[in-house]
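Student: Quick one, coords.cif (mmCIF, C-alpha atoms):
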data_run
loop_
_atom_site.label_atom_id
_atom_site.label_comp_id
_atom_site.auth_asym_id
_atom_site.auth_seq_id
_atom_site.Cartn_x
_atom_site.Cartn_y
_atom_site.Cartn_z
CA MET A 1 19.45 36.73 32.19
CA ILE A 2 17.45 33.56 32.43
CA LYS A 3 14.32 35.53 33.07
CA ASN A 4 14.84 37.39 29.80
CA PHE A 5 15.27 34.21 27.84
CA LEU A 6 12.21 32.79 29.50
CA PHE A 7 10.20 35.85 28.58
CA ILE A 8 11.37 35.75 24.97
CA GLY A 9 10.76 32.01 24.85
CA ILE A 10 7.18 32.36 26.05
CA ALA A 11 6.58 35.24 23.68
CA ILE A 12 7.80 33.15 20.76
CA CYS A 13 5.51 30.30 21.82
CA PHE A 14 2.56 32.64 21.81
CA ILE A 15 3.46 34.03 18.41
CA ILE A 16 3.76 30.56 16.92
CA SER A 17 0.55 29.23 18.41
CA CYS A 18 -1.43 32.28 17.49
CA ASN A 19 -0.41 31.90 13.85
CA GLY A 20 -0.79 28.15 14.24
CA THR A 21 -2.33 25.52 11.98
CA HIS A 22 -4.74 27.29 9.68
CA GLN A 23 -6.08 25.40 6.67
CA LYS A 24 -6.34 27.40 3.50
CA GLY A 25 -8.82 26.57 0.80
CA SER A 26 -8.12 27.47 -2.80
CA ASP A 27 -9.89 30.80 -2.45
CA ASN A 28 -7.71 31.58 0.55
CA GLN A 29 -10.37 30.46 2.99
CA THR A 30 -8.82 30.33 6.39
CA LEU A 31 -10.94 28.06 8.51
CA SER A 32 -11.47 28.47 12.18
CA GLY A 33 -11.47 25.48 14.50
CA ARG A 34 -15.26 25.24 14.41
CA GLU A 35 -15.34 25.44 10.65
CA GLU A 36 -12.73 22.67 10.48
CA ILE A 37 -15.02 20.46 12.52
CA LYS A 38 -17.99 21.34 10.36
CA LEU A 39 -16.04 20.58 7.19
CA ASN A 40 -15.05 17.20 8.57
CA GLN A 41 -18.66 16.44 9.40
CA TYR A 42 -19.72 17.46 5.92
CA GLU A 43 -17.05 15.28 4.36
CA VAL A 44 -18.19 12.22 6.30
CA ALA A 45 -21.86 12.76 5.45
CA GLY A 46 -20.88 13.64 1.89
CA GLU A 47 -19.13 10.33 1.41
CA LYS A 48 -22.31 8.41 2.22
CA LEU A 49 -24.32 10.60 -0.14
CA TYR A 50 -21.72 10.12 -2.86
CA GLN A 51 -22.00 6.35 -2.47
CA MET A 52 -25.76 6.54 -2.81
CA ASN A 53 -26.08 9.04 -5.61
CA CYS A 54 -22.90 9.38 -7.61
CA VAL A 55 -20.72 6.30 -7.41
CA ASN A 56 -22.64 4.31 -10.04
CA CYS A 57 -21.55 6.64 -12.81
CA HIS A 58 -18.52 8.48 -11.52
CA LYS A 59 -17.07 5.49 -9.71
CA GLU A 60 -15.46 5.05 -6.32
CA ASP A 61 -12.22 6.62 -7.51
CA GLY A 62 -13.96 9.46 -9.37
CA GLN A 63 -12.58 8.33 -12.71
CA GLY A 64 -15.88 8.18 -14.61
CA LEU A 65 -16.17 5.83 -17.58
CA ALA A 66 -14.03 6.15 -20.71
CA ARG A 67 -15.30 9.06 -22.81
CA LEU A 68 -18.85 8.46 -21.69
CA ILE A 69 -18.79 9.79 -18.16
CA PRO A 70 -16.35 12.52 -17.11
CA PRO A 71 -14.03 12.11 -14.15
CA LEU A 72 -14.29 14.12 -10.97
CA ALA A 73 -10.71 13.43 -9.98
CA ASN A 74 -8.60 16.44 -10.91
CA ALA A 75 -11.36 17.68 -13.20
CA ASP A 76 -10.75 21.23 -14.34
CA TYR A 77 -14.46 21.84 -14.83
CA PHE A 78 -15.28 22.78 -11.27
CA ALA A 79 -11.82 23.03 -9.71
CA GLU A 80 -12.13 26.78 -9.24
CA ASP A 81 -15.86 27.37 -9.52
CA SER A 82 -17.97 25.54 -6.95
CA SER A 83 -21.22 26.89 -8.36
CA LYS A 84 -20.67 24.73 -11.44
CA LEU A 85 -20.55 21.64 -9.24
CA ILE A 86 -23.57 22.65 -7.18
CA CYS A 87 -25.77 23.44 -10.17
CA LEU A 88 -24.73 20.22 -11.88
CA MET A 89 -25.52 18.06 -8.91
CA LYS A 90 -28.97 19.53 -8.42
CA PHE A 91 -30.12 20.08 -11.99
CA GLY A 92 -28.12 17.58 -14.00
CA LEU A 93 -26.73 18.41 -17.42
CA GLU A 94 -27.67 17.93 -21.05
CA GLY A 95 -25.44 18.52 -24.00
CA SER A 96 -21.74 18.74 -24.56
CA ILE A 97 -19.20 19.44 -21.85
CA VAL A 98 -15.41 19.51 -21.95
CA VAL A 99 -13.45 18.21 -19.00
CA ASN A 100 -9.66 18.12 -18.99
CA GLY A 101 -9.67 18.58 -22.74
CA ILE A 102 -12.02 15.67 -23.50
CA GLU A 103 -15.53 16.16 -24.82
CA TYR A 104 -18.44 14.33 -23.21
CA ASN A 105 -22.05 14.28 -24.29
CA GLN A 106 -24.00 11.98 -22.03
CA PRO A 107 -26.98 13.40 -20.12
CA MET A 108 -26.51 13.58 -16.38
CA PRO A 109 -29.74 13.10 -14.45
CA ALA A 110 -30.86 15.77 -11.99
CA ASN A 111 -31.02 15.09 -8.27
CA MET A 112 -33.87 17.33 -7.26
CA ASN A 113 -34.33 15.44 -4.00
CA LEU A 114 -30.98 16.63 -2.61
CA THR A 115 -31.35 19.34 0.01
CA ASN A 116 -29.05 22.35 0.28
CA LEU A 117 -27.32 20.72 3.22
CA GLU A 118 -26.80 17.48 1.32
CA LEU A 119 -25.37 19.35 -1.65
CA ALA A 120 -23.02 21.16 0.71
CA GLU A 121 -21.94 17.83 2.18
CA ILE A 122 -21.32 16.12 -1.14
CA SER A 123 -19.46 19.15 -2.38
CA ALA A 124 -17.16 19.06 0.67
CA TYR A 125 -16.47 15.37 0.06
CA VAL A 126 -15.89 15.80 -3.68
CA TYR A 127 -13.51 18.71 -3.27
CA LYS A 128 -11.54 16.96 -0.56
CA THR A 129 -11.37 13.53 -2.11
CA PHE A 130 -11.04 14.33 -5.80
CA GLN A 131 -9.47 17.76 -5.82
CA GLY A 132 -7.48 17.73 -2.61
CA GLN A 133 -9.17 20.96 -1.54
CA GLU A 134 -10.69 21.97 1.75
CA LYS A 135 -13.74 23.90 0.66
CA LEU A 136 -16.53 24.66 3.10
CA ILE A 137 -19.73 25.80 1.43
CA LEU A 138 -22.63 26.42 3.76
CA PRO A 139 -26.24 25.48 2.93
CA GLY A 140 -27.18 29.15 2.78
CA THR A 141 -24.57 29.74 0.09
CA VAL A 142 -25.80 26.65 -1.76
CA GLY A 143 -29.28 28.15 -1.81
CA LYS A 144 -27.95 31.39 -3.30
CA ILE A 145 -25.96 29.50 -5.92
CA LEU A 146 -28.99 27.41 -6.90
CA SER A 147 -31.15 30.45 -7.45
CA GLU A 148 -28.61 31.66 -9.98
CA CYS A 149 -27.97 28.46 -11.91
CA LYS A 150 -28.26 29.10 -15.62
CA GLU A 151 -31.41 27.70 -17.18
CA GLU A 152 -30.45 25.13 -19.82
CA MET B 1 -12.39 -40.35 23.59
CA LYS B 2 -14.14 -37.46 21.88
CA VAL B 3 -10.93 -36.09 20.41
CA ILE B 4 -10.24 -39.33 18.57
CA GLN B 5 -13.76 -39.34 17.16
CA ILE B 6 -13.31 -35.83 15.88
CA MET B 7 -10.01 -36.82 14.31
CA TYR B 8 -11.68 -39.70 12.49
CA LEU B 9 -14.34 -37.35 11.27
CA VAL B 10 -11.75 -34.92 9.99
CA LEU B 11 -9.86 -37.74 8.32
CA ALA B 12 -13.05 -38.93 6.66
CA VAL B 13 -13.79 -35.47 5.33
CA VAL B 14 -10.26 -35.08 4.00
CA VAL B 15 -10.39 -38.46 2.29
CA LEU B 16 -13.77 -37.69 0.73
CA ASN B 17 -12.51 -34.35 -0.50
CA SER B 18 -9.48 -35.81 -2.16
CA CYS B 19 -11.64 -38.39 -3.88
CA ASP B 20 -13.48 -35.44 -5.42
CA LYS B 21 -10.39 -34.52 -7.41
CA ALA B 22 -10.82 -37.62 -9.52
CA LYS B 23 -14.10 -36.21 -10.90
CA PRO B 24 -14.17 -35.01 -14.51
CA GLU B 25 -13.52 -31.30 -15.14
CA GLU B 26 -16.17 -28.86 -14.03
CA LYS B 27 -18.81 -28.15 -16.67
CA LEU B 28 -21.28 -25.32 -16.68
CA PRO B 29 -24.97 -26.15 -16.32
CA ILE B 30 -27.40 -25.69 -19.20
CA LEU B 31 -30.16 -23.36 -18.10
CA GLY B 32 -33.74 -23.06 -19.21
CA ARG B 33 -36.50 -25.55 -19.77
CA THR B 34 -35.48 -28.83 -21.28
CA GLU B 35 -37.81 -31.11 -23.14
CA ILE B 36 -37.36 -34.81 -23.40
CA LYS B 37 -38.44 -35.84 -26.87
CA GLU B 38 -38.36 -39.58 -27.23
CA THR B 39 -34.67 -40.25 -26.81
CA ASP B 40 -33.47 -36.68 -27.26
CA THR B 41 -33.06 -33.98 -24.66
CA VAL B 42 -33.90 -30.65 -26.24
CA HIS B 43 -32.49 -27.69 -24.39
CA HIS B 44 -33.80 -24.16 -24.33
CA THR B 45 -32.01 -22.10 -26.96
CA ILE B 46 -32.01 -18.47 -27.95
CA GLY B 47 -34.62 -17.83 -30.62
CA ASN B 48 -34.03 -16.29 -34.01
CA PHE B 49 -33.42 -12.55 -34.14
CA GLN B 50 -32.55 -9.81 -36.57
CA PHE B 51 -31.21 -6.56 -35.20
CA VAL B 52 -28.95 -3.75 -36.42
CA ASN B 53 -25.70 -2.83 -34.69
CA GLN B 54 -23.84 0.46 -34.30
CA ASP B 55 -22.26 0.08 -37.75
CA SER B 56 -25.65 -0.51 -39.37
CA THR B 57 -24.68 -4.14 -39.84
CA VAL B 58 -27.47 -6.68 -39.50
CA VAL B 59 -26.90 -8.93 -36.51
CA THR B 60 -28.46 -12.38 -36.33
CA PRO B 61 -27.59 -15.66 -34.59
CA ALA B 62 -25.24 -16.30 -37.54
CA THR B 63 -23.10 -13.37 -36.37
CA PHE B 64 -22.20 -15.48 -33.37
CA GLU B 65 -21.53 -18.69 -35.20
CA ASP B 66 -18.75 -20.57 -33.49
CA LYS B 67 -18.68 -17.99 -30.73
CA VAL B 68 -19.82 -17.80 -27.17
CA TYR B 69 -21.31 -14.48 -26.22
CA VAL B 70 -22.60 -12.42 -23.32
CA ALA B 71 -25.92 -10.62 -23.77
CA ASP B 72 -27.47 -7.79 -21.81
CA PHE B 73 -30.22 -5.19 -22.08
CA PHE B 74 -29.73 -1.49 -21.45
CA PHE B 75 -30.42 1.99 -22.80
CA THR B 76 -27.96 4.84 -23.25
CA SER B 77 -29.81 7.42 -21.15
CA CYS B 78 -30.25 5.07 -18.23
CA PRO B 79 -29.44 6.87 -14.98
CA THR B 80 -29.18 4.02 -12.54
CA ILE B 81 -27.65 0.63 -13.25
CA CYS B 82 -26.41 0.90 -16.82
CA PRO B 83 -23.11 2.69 -16.20
CA VAL B 84 -22.24 0.01 -13.66
CA MET B 85 -23.23 -2.69 -16.13
CA LYS B 86 -21.17 -1.11 -18.87
CA SER B 87 -18.06 -0.79 -16.76
CA GLN B 88 -18.48 -4.38 -15.60
CA MET B 89 -18.95 -5.51 -19.20
CA MET B 90 -15.73 -3.65 -20.02
CA ARG B 91 -13.98 -6.13 -17.77
CA VAL B 92 -15.36 -8.96 -19.90
CA TYR B 93 -14.39 -7.10 -23.06
CA GLU B 94 -10.85 -6.47 -21.90
CA GLU B 95 -10.37 -10.04 -20.66
CA PHE B 96 -11.35 -11.57 -23.99
CA GLU B 97 -10.37 -8.77 -26.34
CA GLU B 98 -7.91 -10.94 -28.25
CA ASN B 99 -10.13 -14.01 -28.31
CA ASP B 100 -12.17 -14.29 -31.48
CA GLU B 101 -14.39 -16.94 -29.96
CA VAL B 102 -15.96 -14.40 -27.62
CA ALA B 103 -18.43 -11.61 -28.42
CA ILE B 104 -20.76 -9.27 -26.55
CA LEU B 105 -24.32 -8.39 -27.51
CA SER B 106 -25.95 -5.38 -25.85
CA HIS B 107 -29.58 -4.74 -26.79
CA THR B 108 -31.16 -1.34 -26.33
CA ILE B 109 -34.62 -1.40 -24.82
CA ASP B 110 -35.23 2.18 -25.93
CA PRO B 111 -34.89 1.89 -29.72
CA GLU B 112 -36.80 5.13 -30.25
CA TYR B 113 -34.07 7.17 -28.61
CA ASP B 114 -31.10 4.89 -29.14
CA THR B 115 -30.64 5.16 -32.88
CA VAL B 116 -27.81 3.48 -34.76
CA ALA B 117 -25.94 6.79 -34.85
CA LEU B 118 -26.33 7.25 -31.11
CA LEU B 119 -25.21 3.71 -30.39
CA HIS B 120 -22.22 4.26 -32.64
CA ASP B 121 -21.29 7.36 -30.68
CA TYR B 122 -21.82 5.53 -27.41
CA ALA B 123 -19.65 2.58 -28.39
CA ASP B 124 -17.04 4.94 -29.73
CA ARG B 125 -16.87 6.85 -26.48
CA LEU B 126 -16.65 3.64 -24.54
CA GLY B 127 -13.73 2.80 -26.80
CA VAL B 128 -14.77 -0.64 -28.06
CA LYS B 129 -14.64 -2.47 -31.41
CA SER B 130 -17.97 -3.15 -33.03
CA SER B 131 -16.83 -6.50 -34.36
CA LYS B 132 -16.54 -7.68 -30.78
CA TRP B 133 -19.14 -5.70 -28.85
CA HIS B 134 -22.37 -5.24 -30.76
CA PHE B 135 -24.79 -2.56 -29.62
CA VAL B 136 -28.03 -3.42 -31.36
CA THR B 137 -31.36 -1.80 -31.93
CA GLY B 138 -34.47 -3.01 -33.70
CA GLU B 139 -38.21 -3.32 -33.26
CA LYS B 140 -39.11 -2.69 -29.65
CA ASP B 141 -41.55 -5.60 -29.42
CA LYS B 142 -39.02 -8.01 -30.84
CA ILE B 143 -36.36 -6.87 -28.39
CA TYR B 144 -38.62 -7.13 -25.37
CA ASP B 145 -39.90 -10.46 -26.58
CA ILE B 146 -36.48 -12.01 -27.03
CA GLY B 147 -35.40 -10.59 -23.71
CA GLN B 148 -38.22 -12.23 -21.86
CA THR B 149 -38.69 -15.48 -23.70
CA SER B 150 -35.19 -16.31 -24.95
CA TYR B 151 -32.87 -14.72 -22.42
CA MET B 152 -35.35 -14.98 -19.57
CA VAL B 153 -34.77 -11.47 -18.25
CA THR B 154 -37.07 -8.55 -17.63
CA ALA B 155 -37.22 -5.61 -19.96
CA MET B 156 -40.23 -3.34 -20.22
CA GLU B 157 -41.38 0.25 -20.16
CA ASP B 158 -42.31 1.53 -16.74
CA GLU B 159 -43.26 5.12 -16.02
CA GLU B 160 -42.52 4.72 -12.34
CA GLU B 161 -38.88 3.85 -12.89
CA PRO B 162 -36.22 6.56 -13.21
CA GLY B 163 -35.41 6.65 -16.92
CA GLY B 164 -38.78 5.13 -17.80
CA PHE B 165 -37.69 1.53 -18.23
CA LEU B 166 -37.55 -1.38 -15.90
CA HIS B 167 -34.93 -3.86 -16.79
CA SER B 168 -32.78 -6.43 -15.18
CA GLY B 169 -29.05 -5.91 -14.96
CA ALA B 170 -28.44 -9.51 -15.93
CA PHE B 171 -25.61 -10.74 -18.12
CA ILE B 172 -26.49 -13.93 -19.95
CA LEU B 173 -23.78 -16.35 -21.05
CA VAL B 174 -24.64 -18.15 -24.29
CA ASP B 175 -22.64 -21.02 -25.76
CA LYS B 176 -21.96 -21.97 -29.38
CA GLU B 177 -25.12 -24.03 -29.49
CA LYS B 178 -27.14 -20.98 -28.43
CA ARG B 179 -27.88 -22.49 -25.02
CA ILE B 180 -27.83 -20.40 -21.86
CA ARG B 181 -25.01 -21.51 -19.62
CA GLY B 182 -25.19 -18.88 -16.92
CA ILE B 183 -27.00 -15.78 -15.74
CA TYR B 184 -25.09 -13.20 -13.72
CA ASP B 185 -25.79 -9.88 -12.08
CA GLY B 186 -24.06 -7.27 -14.22
CA THR B 187 -24.19 -4.75 -11.41
CA GLU B 188 -22.18 -6.90 -9.02
CA GLU B 189 -18.41 -7.05 -9.42
CA GLU B 190 -18.18 -10.52 -7.88
CA SER B 191 -20.87 -11.90 -10.13
CA VAL B 192 -19.00 -10.67 -13.20
CA THR B 193 -15.78 -12.14 -11.84
CA LYS B 194 -17.62 -15.48 -11.79
CA LEU B 195 -18.86 -14.86 -15.33
CA ILE B 196 -15.29 -14.38 -16.53
CA LYS B 197 -14.21 -17.55 -14.74
CA ASP B 198 -17.14 -19.50 -16.19
CA MET B 199 -16.35 -18.15 -19.63
CA HIS B 200 -12.89 -19.72 -19.40
CA ILE B 201 -14.46 -23.01 -18.35
CA LEU B 202 -16.93 -22.84 -21.23
CA LEU B 203 -14.21 -22.07 -23.76
CA SER B 204 -12.12 -24.96 -22.57
CA GLU B 205 -15.12 -27.24 -23.19
CA TYR B 206 -14.65 -26.55 -26.87
CA ASN B 207 -10.91 -26.75 -26.93
CA ASP B 208 -10.56 -30.18 -25.39
#
For this file, write the structure as structure tokens.
Tutor:
Amino acid sequence: MIKNFLFIGIAICFIISCNGTHQKGSDNQTLSGREEIKLNQYEVAGEKLYQMNCVNCHKEDGQGLARLIPPLANADYFAEDSSKLICLMKFGLEGSIVVNGIEYNQPMPANMNLTNLELAEISAYVYKTFQGQEKLILPGTVGKILSECKEE
Amino acid sequence: MKVIQIMYLVLAVVVLNSCDKAKPEEKLPILGRTEIKETDTVHHTIGNFQFVNQDSTVVTPATFEDKVYVADFFFTSCPTICPVMKSQMMRVYEEFEENDEVAILSHTIDPEYDTVALLHDYADRLGVKSSKWHFVTGEKDKIYDIGQTSYMVTAMEDEEEPGGFLHSGAFILVDKEKRIRGIYDGTEEESVTKLIKDMHILLSEYND
């Protein structure tokens, strides 16, 4: 009798651990352990890059400035579409843009010096900190996205 | 033996410190070159100027009659320090929003791009009243000149700089007599905290 319970108990343990703690991104990304680690590394590096390149305008808390500079926190603009964020960061933006229903029209300077890896890192930090999303975008993907950014 | 000596020293320091309290209220310094003319001390004052603000209203020293004001130099397309300066200046604006004795004067150092209409849009988006926070434009030479000779800060075109202009992020505190009473770093939160504190001290000088 006990042996049976033991067997069932162990089986249940296996089932639970095998389905264990998977993180899901918004596009149903299920990250493996290694990817988790990579994402964490990106987030840490991304924070430093954010401080150096973005915080002046978008602020520490990602709130932007009045109706001059759009927020990143809970911004609808790139919540679903990471390519919008990537293209913006690299190439900047001129002209009107609507974020969370408010219109902004202040040029954003380009950051041509940022490498694909750095863009991936900032993106990981921005999604985690200001959107509450775990989104791992690899440098290779960044490169593909950049080649397709719309010419303004 | 040594302990007693230290105690005396501490006592002396404490006594000296408490004597300090009897001093008259703190006053802000007057900055800039002063000239001694016979029996008069002539302080450096802000020179005459004539600029146009975001409402197309002409702005001159008379606009700030009976007011203290904070001046700075910026341009709307500035990628580096200006957003920080503006959000720090917002703190000054919000602190003294209800006080008619306080005004803010932001000069653009890129008058070619920063037209009156653009400045109006900018101020509007920032959400500030033009009667309190003037965004002015005018002749480039005159703006640079007043920046460097009156306000003693740097403002000039520089191809090497991102944005094309080199300018200091300084906030200059000017009193009712058009004298400079303080220069602060508009990009540093702590410096602007001091500016706000000094502003209160300056205002109380007039309300004694």
Student: Could you jot down the atom CA of A:Ala45 to atom CA of A:Tyr104 separation for me, Å, one decimal place?
Tutor: 28.9 Å
Student: Return the single residue from B:Arg33, B:Val58, B:Glu94, B:His200 that is closest to B:Gly127, with distances computed using all atoms listed in the file.
Tutor: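 Nearest candidate to B:Gly127 out of B:Arg33, B:Val58, B:Glu94, B:His200: B:Glu94.
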Student: Can you check which residues of chain B have any atom within 6 Å of chain A? Use all atoms listed in the file and format it as a list in words.
Tutor: Pro83, Val84, Arg125 and Leu126 of chain B
Student: Spell out the residues picked by the PyMOL selection byres ((chain B and resi 169) around 7) here, as a PyMOL selection string.
Tutor: chain B and resi 81+85+167-168+170-171+185-187
Student: For the structure shown, which residues end up in the PyMOL selection byres ((chain B and resi 110-124) around 12)? Put them as a ChimeraX atom specification, please?
Tutor: /A:65-69,104-107 /B:51-58,73-78,83,86,90,105-109,125-144,155-158,163-167
Student: Do a neighbour search on A:Leu85 at 10 Å with all atoms listed in the file, toss out local chain neighbours closer than 2 positions, and write the hits as a PyMOL selection string.
Tutor: chain A and resi 72+77-83+87-90+92+119+122-123+126-127
Student: Quick check, in Å to one decimal: how far apart do atom CA of B:Leu195 and atom CA of B:Thr63 lie?
Tutor: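 Value for the atom CA of B:Leu195-atom CA of B:Thr63 distance: 21.5 Å.
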Student: Anything within 12 Å of (-24.1, 30.4, -1.4): list those residues as a ChimeraX atom specification, counting only C-alpha atoms and sticking to the file's coordinates.
Tutor: /A:81-83,86-87,116-117,119-120,136-149
Student: Just give me the gap between atom CA of B:Lys194 and atom CA of B:His44 in Å, one decimal is fine.
Tutor: 22.2 Å
Student: Decode the PyMOL selection byres ((chain A and resi 132) around 12) for the given file into explicit residues and return them as a PDB file with C-alpha atoms, in the coordinates of the input.
Tutor:
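Written out: out.pdb:
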ATOM      1  CA  LYS A  24      -6.340  27.400   3.500  1.00  0.00           C
ATOM      2  CA  GLY A  25      -8.820  26.570   0.800  1.00  0.00           C
ATOM      3  CA  SER A  26      -8.120  27.470  -2.800  1.00  0.00           C
ATOM      4  CA  LEU A  72     -14.290  14.120 -10.970  1.00  0.00           C
ATOM      5  CA  ALA A  73     -10.710  13.430  -9.980  1.00  0.00           C
ATOM      6  CA  ASN A  74      -8.600  16.440 -10.910  1.00  0.00           C
ATOM      7  CA  ALA A  75     -11.360  17.680 -13.200  1.00  0.00           C
ATOM      8  CA  ALA A  79     -11.820  23.030  -9.710  1.00  0.00           C
ATOM      9  CA  ALA A 124     -17.160  19.060   0.670  1.00  0.00           C
ATOM     10  CA  TYR A 125     -16.470  15.370   0.060  1.00  0.00           C
ATOM     11  CA  VAL A 126     -15.890  15.800  -3.680  1.00  0.00           C
ATOM     12  CA  TYR A 127     -13.510  18.710  -3.270  1.00  0.00           C
ATOM     13  CA  LYS A 128     -11.540  16.960  -0.560  1.00  0.00           C
ATOM     14  CA  THR A 129     -11.370  13.530  -2.110  1.00  0.00           C
ATOM     15  CA  PHE A 130     -11.040  14.330  -5.800  1.00  0.00           C
ATOM     16  CA  GLN A 131      -9.470  17.760  -5.820  1.00  0.00           C
ATOM     17  CA  GLN A 133      -9.170  20.960  -1.540  1.00  0.00           C
ATOM     18  CA  GLU A 134     -10.690  21.970   1.750  1.00  0.00           C
ATOM     19  CA  LYS A 135     -13.740  23.900   0.660  1.00  0.00           C
TER      20      LYS A 135
END
Student: When you count only C-alpha atoms, which of these residues is closest to B:Met89: B:Thr60, B:Ser150, B:Thr193, B:Ser204?
Tutor: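 When distances to B:Met89 are compared using only C-alpha atoms, the smallest one comes from B:Thr193.
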Student: Just need the box for stretch 134-147 of chain A, edges along x, y and z, holding every atom the file lists for it with 6 Å tacked onto each side, so centre and edge lengths in Å to one decimal, as AutoDock Vina command-line options.
Tutor:
--center_x -20.9 --center_y 26.7 --center_z -1.8 --size_x 32.5 --size_y 21.4 --size_z 23.2
